[in-house]
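Read the structure below first, then the notes.
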Amino acid sequence: MKVRCWGARGSIPVSGREYVRYGGDTACLEIQSRGGAVLILDAGTGIRALGVDLARRGCADMTLLFSHFHWDHIQGLPFFKPLYSPATRLALGGRRGARRDVPRMLARTFHPPLFPVPFAKLPAQLTAAGFENDVLRVDSLVIRRTALSHPNLGAGFRIEEDGASLVYLTDNELSLRHKGGGTFEDYVAFCRGADLLIHDAEYTPEEYPQRRGWGHSHFADAAHLARAADVRTLGLFHHNQERDDDALDALLGRCRDLLAEPGDPCCVALSQGWETELAGPGAGGRATACGT
Ligand SMILES: [Zn+2]
Ligand SMILES: [Zn+2]
């Protein structure tokens, strides 16, 4: 599967010369199956540019899964070009109960006077992504979901294809169990052996105590999870809006210092435009995603 990051920021988009290397758009990832099926994770402001690219590629079938409905994960959706084409077939999903929740939540934001086009009048063909027992299949991708530890609930996803695996856990507070969320051990089990774990690393350990309960992790907790679950690559995600490029470099350096034991995961900080291809053990070995 191919993985591309279209937005790695959390909370609010940022711009300015101090943010050009990691980018300023909020959460959006694109996963492509080996057959070219498109799975999108979250609709932060990064989904705008993805929509332009999908239209250019002539892609009409896609699945979009929301981790949750906080603004930074839905804010780009009104400007997602494929929504305005009747040829688009878009399956929408998220946490348990999303079959009912997704249209209800989106109808609240696509609604005058917040936005001029009502959700029910969007030209695209919208359907519900059909999870069965927390498992969804999109072409050759098998997607499993788990509950996030985050205010107002949410879902994390594990995506597998031909033995390769990606876990996406953003807005997940590892040091505090929110209502409906899992324990640290639950997340270790969910991430076990993943090739790439993309995890919330919004804070430094020094910042965290003042923000405990806000639903996010510090990078040392993300590193601890990656090591405990024996993942190959840890991708730091949901970058704080105050953390400019140089500060993110410094945070990444500290995380790499923590993961310096033999056999530890390698570590990257996701940036807008970052991409990698994950291949299973039968496809010529399992390289880490840090060199890409
Ligand atoms: Zn967020
Ligand atoms: Zn959130």
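Naming scheme: A, B, ... for chains in displayed order of the structure tokens; residues 1 onward per chain; ligands 1 onward as shown.
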
Spatial neighbours of stretch 26-37 of chain A, 7 Å, only C-alpha atoms, chain gap at least 4 places, as a ChimeraX atom specification: /A:1-10,12-13,41-47,62,72-73,139-141,238

Export of prior selection with N, CA and C atoms as a PDB file, in the first residue's frame:
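Below you can see part.pdb, which holds the result:
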```pdb
ATOM      1  N   MET A   1       0.842  -1.190   0.000  1.00  0.00           N
ATOM      2  CA  MET A   1       0.000   0.000   0.000  1.00  0.00           C
ATOM      3  C   MET A   1       0.878   1.241   0.000  1.00  0.00           C
ATOM      4  N   LYS A   2       0.371   2.268  -0.640  1.00  0.00           N
ATOM      5  CA  LYS A   2       1.081   3.550  -0.647  1.00  0.00           C
ATOM      6  C   LYS A   2       0.406   4.476   0.362  1.00  0.00           C
ATOM      7  N   VAL A   3       1.220   5.220   1.077  1.00  0.00           N
ATOM      8  CA  VAL A   3       0.718   6.140   2.104  1.00  0.00           C
ATOM      9  C   VAL A   3       1.226   7.530   1.770  1.00  0.00           C
ATOM     10  N   ARG A   4       0.334   8.495   1.758  1.00  0.00           N
ATOM     11  CA  ARG A   4       0.762   9.875   1.521  1.00  0.00           C
ATOM     12  C   ARG A   4       0.091  10.794   2.540  1.00  0.00           C
ATOM     13  N   CYS A   5       0.873  11.677   3.083  1.00  0.00           N
ATOM     14  CA  CYS A   5       0.353  12.636   4.062  1.00  0.00           C
ATOM     15  C   CYS A   5       0.006  13.952   3.365  1.00  0.00           C
ATOM     16  N   TRP A   6      -1.238  14.373   3.521  1.00  0.00           N
ATOM     17  CA  TRP A   6      -1.697  15.638   2.935  1.00  0.00           C
ATOM     18  C   TRP A   6      -1.849  16.719   3.999  1.00  0.00           C
ATOM     19  N   GLY A   7      -1.667  16.375   5.241  1.00  0.00           N
ATOM     20  CA  GLY A   7      -1.745  17.356   6.321  1.00  0.00           C
ATOM     21  C   GLY A   7      -1.390  16.673   7.622  1.00  0.00           C
ATOM     22  N   ALA A   8      -0.471  17.248   8.393  1.00  0.00           N
ATOM     23  CA  ALA A   8       0.027  16.594   9.610  1.00  0.00           C
ATOM     24  C   ALA A   8      -0.176  17.438  10.856  1.00  0.00           C
ATOM     25  N   ARG A   9      -0.803  18.616  10.699  1.00  0.00           N
ATOM     26  CA  ARG A   9      -1.013  19.516  11.841  1.00  0.00           C
ATOM     27  C   ARG A   9      -2.223  19.093  12.663  1.00  0.00           C
ATOM     28  N   GLY A  10      -2.236  19.496  13.902  1.00  0.00           N
ATOM     29  CA  GLY A  10      -3.415  19.320  14.731  1.00  0.00           C
ATOM     30  C   GLY A  10      -4.054  20.663  15.033  1.00  0.00           C
ATOM     31  N   ILE A  12      -5.424  23.414  14.370  1.00  0.00           N
ATOM     32  CA  ILE A  12      -5.747  24.542  13.485  1.00  0.00           C
ATOM     33  C   ILE A  12      -4.652  24.633  12.428  1.00  0.00           C
ATOM     34  N   PRO A  13      -5.020  24.967  11.169  1.00  0.00           N
ATOM     35  CA  PRO A  13      -3.960  25.102  10.164  1.00  0.00           C
ATOM     36  C   PRO A  13      -3.082  26.313  10.459  1.00  0.00           C
ATOM     37  N   LEU A  41      -8.061   9.029   5.284  1.00  0.00           N
ATOM     38  CA  LEU A  41      -8.241   9.092   6.737  1.00  0.00           C
ATOM     39  C   LEU A  41      -8.271  10.550   7.145  1.00  0.00           C
ATOM     40  N   ASP A  42      -9.398  11.004   7.584  1.00  0.00           N
ATOM     41  CA  ASP A  42      -9.653  12.351   8.085  1.00  0.00           C
ATOM     42  C   ASP A  42      -9.712  13.404   6.967  1.00  0.00           C
ATOM     43  N   ALA A  43     -10.496  14.423   7.284  1.00  0.00           N
ATOM     44  CA  ALA A  43     -10.782  15.469   6.298  1.00  0.00           C
ATOM     45  C   ALA A  43     -10.401  16.837   6.855  1.00  0.00           C
ATOM     46  N   GLY A  44      -9.186  16.911   7.429  1.00  0.00           N
ATOM     47  CA  GLY A  44      -8.639  18.213   7.802  1.00  0.00           C
ATOM     48  C   GLY A  44      -8.376  19.029   6.545  1.00  0.00           C
ATOM     49  N   THR A  45      -7.786  20.196   6.715  1.00  0.00           N
ATOM     50  CA  THR A  45      -7.642  21.089   5.556  1.00  0.00           C
ATOM     51  C   THR A  45      -6.760  20.486   4.457  1.00  0.00           C
ATOM     52  N   GLY A  46      -5.977  19.467   4.782  1.00  0.00           N
ATOM     53  CA  GLY A  46      -5.164  18.790   3.760  1.00  0.00           C
ATOM     54  C   GLY A  46      -5.991  18.112   2.683  1.00  0.00           C
ATOM     55  N   ILE A  47      -7.274  17.842   2.970  1.00  0.00           N
ATOM     56  CA  ILE A  47      -8.090  17.124   1.987  1.00  0.00           C
ATOM     57  C   ILE A  47      -8.419  18.006   0.780  1.00  0.00           C
ATOM     58  N   MET A  62     -14.080   6.310  -3.749  1.00  0.00           N
ATOM     59  CA  MET A  62     -13.185   6.488  -2.607  1.00  0.00           C
ATOM     60  C   MET A  62     -13.933   6.233  -1.301  1.00  0.00           C
ATOM     61  N   ASP A  72     -10.498  20.094  13.361  1.00  0.00           N
ATOM     62  CA  ASP A  72      -9.270  19.900  12.571  1.00  0.00           C
ATOM     63  C   ASP A  72      -9.307  18.621  11.748  1.00  0.00           C
ATOM     64  N   HIS A  73     -10.354  17.803  11.941  1.00  0.00           N
ATOM     65  CA  HIS A  73     -10.459  16.542  11.189  1.00  0.00           C
ATOM     66  C   HIS A  73     -11.601  16.559  10.170  1.00  0.00           C
ATOM     67  N   ASP A 139     -11.152  -2.943  -1.392  1.00  0.00           N
ATOM     68  CA  ASP A 139     -10.274  -3.653  -2.331  1.00  0.00           C
ATOM     69  C   ASP A 139      -9.442  -4.655  -1.511  1.00  0.00           C
ATOM     70  N   SER A 140      -8.132  -4.621  -1.624  1.00  0.00           N
ATOM     71  CA  SER A 140      -7.311  -5.577  -0.882  1.00  0.00           C
ATOM     72  C   SER A 140      -6.913  -5.073   0.502  1.00  0.00           C
ATOM     73  N   LEU A 141      -7.396  -3.896   0.889  1.00  0.00           N
ATOM     74  CA  LEU A 141      -7.101  -3.361   2.226  1.00  0.00           C
ATOM     75  C   LEU A 141      -8.100  -3.918   3.241  1.00  0.00           C
ATOM     76  N   HIS A 238       0.017  15.113  14.210  1.00  0.00           N
ATOM     77  CA  HIS A 238      -0.822  16.061  14.936  1.00  0.00           C
ATOM     78  C   HIS A 238       0.058  17.105  15.614  1.00  0.00           C
TER      79      HIS A 238
END
```

Quick one: residues within 7 Å of stretch 194-205 of chain A, only C-alpha atoms counted, chain neighbours fewer than 2 positions away excluded, as an mmCIF file with N, CA and C atoms, in the first residue's frame?
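Written out: part_1.cif:
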```
data_model
loop_
_atom_site.group_PDB
_atom_site.id
_atom_site.type_symbol
_atom_site.label_atom_id
_atom_site.label_comp_id
_atom_site.auth_asym_id
_atom_site.auth_seq_id
_atom_site.Cartn_x
_atom_site.Cartn_y
_atom_site.Cartn_z
ATOM 1 N N ALA A 164 1.548 -6.287 5.071
ATOM 2 C CA ALA A 164 2.036 -4.969 5.492
ATOM 3 C C ALA A 164 0.955 -4.293 6.329
ATOM 4 N N SER A 165 1.376 -3.466 7.283
ATOM 5 C CA SER A 165 0.383 -2.891 8.191
ATOM 6 C C SER A 165 0.712 -1.466 8.600
ATOM 7 N N LEU A 166 -0.336 -0.668 8.662
ATOM 8 C CA LEU A 166 -0.263 0.725 9.091
ATOM 9 C C LEU A 166 -1.294 0.929 10.199
ATOM 10 N N VAL A 167 -0.893 1.590 11.272
ATOM 11 C CA VAL A 167 -1.853 1.959 12.316
ATOM 12 C C VAL A 167 -1.917 3.478 12.398
ATOM 13 N N TYR A 168 -3.124 4.007 12.459
ATOM 14 C CA TYR A 168 -3.364 5.447 12.547
ATOM 15 C C TYR A 168 -4.090 5.731 13.860
ATOM 16 N N LEU A 169 -3.362 6.302 14.806
ATOM 17 C CA LEU A 169 -3.944 6.662 16.111
ATOM 18 C C LEU A 169 -3.624 8.126 16.380
ATOM 19 N N THR A 170 -4.500 9.001 15.953
ATOM 20 C CA THR A 170 -4.288 10.411 16.253
ATOM 21 C C THR A 170 -5.284 10.823 17.329
ATOM 22 N N ASP A 171 -5.013 11.935 17.988
ATOM 23 C CA ASP A 171 -5.897 12.400 19.053
ATOM 24 C C ASP A 171 -6.147 11.265 20.043
ATOM 25 N N ASN A 172 -5.058 10.752 20.572
ATOM 26 C CA ASN A 172 -5.112 9.599 21.466
ATOM 27 C C ASN A 172 -4.210 9.873 22.656
ATOM 28 N N CYS A 191 -1.461 -2.246 17.991
ATOM 29 C CA CYS A 191 -0.338 -1.812 17.138
ATOM 30 C C CYS A 191 0.690 -2.913 16.915
ATOM 31 N N ARG A 192 0.533 -4.047 17.559
ATOM 32 C CA ARG A 192 1.561 -5.093 17.580
ATOM 33 C C ARG A 192 2.132 -5.389 16.188
ATOM 34 N N GLU A 207 5.576 19.798 28.469
ATOM 35 C CA GLU A 207 4.321 20.526 28.241
ATOM 36 C C GLU A 207 3.110 19.752 28.747
ATOM 37 N N TYR A 208 3.228 18.432 28.755
ATOM 38 C CA TYR A 208 2.057 17.587 28.956
ATOM 39 C C TYR A 208 1.300 17.823 30.270
ATOM 40 N N HIS A 216 -4.470 14.350 24.117
ATOM 41 C CA HIS A 216 -3.297 14.161 23.251
ATOM 42 C C HIS A 216 -2.127 13.572 24.036
ATOM 43 N N SER A 217 -1.151 13.063 23.282
ATOM 44 C CA SER A 217 0.005 12.414 23.899
ATOM 45 C C SER A 217 1.253 13.261 23.712
ATOM 46 N N HIS A 218 2.281 12.960 24.524
ATOM 47 C CA HIS A 218 3.599 13.538 24.263
ATOM 48 C C HIS A 218 4.443 12.486 23.539
ATOM 49 N N PHE A 219 5.509 12.963 22.905
ATOM 50 C CA PHE A 219 6.252 12.066 22.020
ATOM 51 C C PHE A 219 6.873 10.881 22.760
ATOM 52 N N ALA A 220 7.204 11.058 24.037
ATOM 53 C CA ALA A 220 7.831 9.950 24.761
ATOM 54 C C ALA A 220 6.831 8.812 24.981
ATOM 55 N N ALA A 222 4.360 8.157 22.889
ATOM 56 C CA ALA A 222 4.226 7.536 21.565
ATOM 57 C C ALA A 222 5.409 6.601 21.301
ATOM 58 N N VAL A 231 6.800 -1.999 16.710
ATOM 59 C CA VAL A 231 6.538 -1.491 15.365
ATOM 60 C C VAL A 231 7.866 -1.129 14.706
ATOM 61 N N ARG A 232 7.870 -1.040 13.387
ATOM 62 C CA ARG A 232 9.133 -0.775 12.679
ATOM 63 C C ARG A 232 9.415 0.721 12.549
ATOM 64 N N THR A 233 8.368 1.491 12.264
ATOM 65 C CA THR A 233 8.554 2.940 12.110
ATOM 66 C C THR A 233 7.468 3.668 12.893
ATOM 67 N N LEU A 234 7.888 4.670 13.668
ATOM 68 C CA LEU A 234 6.950 5.545 14.354
ATOM 69 C C LEU A 234 6.874 6.861 13.590
ATOM 70 N N GLY A 235 5.674 7.253 13.189
ATOM 71 C CA GLY A 235 5.465 8.534 12.515
ATOM 72 C C GLY A 235 4.764 9.501 13.460
ATOM 73 N N LEU A 236 5.475 10.553 13.854
ATOM 74 C CA LEU A 236 4.888 11.544 14.779
ATOM 75 C C LEU A 236 3.913 12.426 14.001
ATOM 76 N N PHE A 237 2.775 12.748 14.632
ATOM 77 C CA PHE A 237 1.662 13.354 13.901
ATOM 78 C C PHE A 237 0.914 14.311 14.817
ATOM 79 N N HIS A 238 0.017 15.113 14.210
ATOM 80 C CA HIS A 238 -0.822 16.061 14.936
ATOM 81 C C HIS A 238 0.058 17.105 15.614
ATOM 82 N N HIS A 239 0.887 17.755 14.771
ATOM 83 C CA HIS A 239 1.848 18.716 15.303
ATOM 84 C C HIS A 239 1.141 19.958 15.833
ATOM 85 N N ASN A 240 1.601 20.386 16.984
ATOM 86 C CA ASN A 240 1.020 21.566 17.629
ATOM 87 C C ASN A 240 1.246 22.819 16.776
#
```

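For stretch 178-187 of chain A, the set of protein, DNA and RNA residues having any atom at most 7 Å away, when counting only C-alpha atoms and skipping those fewer than 3 positions along the same chain, is Ala147, Leu148, Ser149, His150, Pro151, Leu153, Leu174, Phe190 and Cys191 of chain A.
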
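Taking atom CA of A:Asp134 and atom CA of A:Gly163 as the two end points, the separation is 18.9 Å.
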
Can you tell me how far atom CA of A:Val135 sits from atom CA of A:Ala91, in Å to one decimal? 14.5 Å

Nearest to A:Phe110 by atom-to-atom distance, counting only C-alpha atoms, from A:Leu252, A:Ile74, A:Pro82, A:Glu132: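 Selected residue with least distance to A:Phe110: A:Ile74.
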
Output as a ChimeraX atom specification all residues of stretch 33-244 of chain A that backbone DSSP marks as strand (DSSP E). /A:38-41,61-65,89-93,125-128,135-138,141-147,155-161,164-169,196-200,233-237
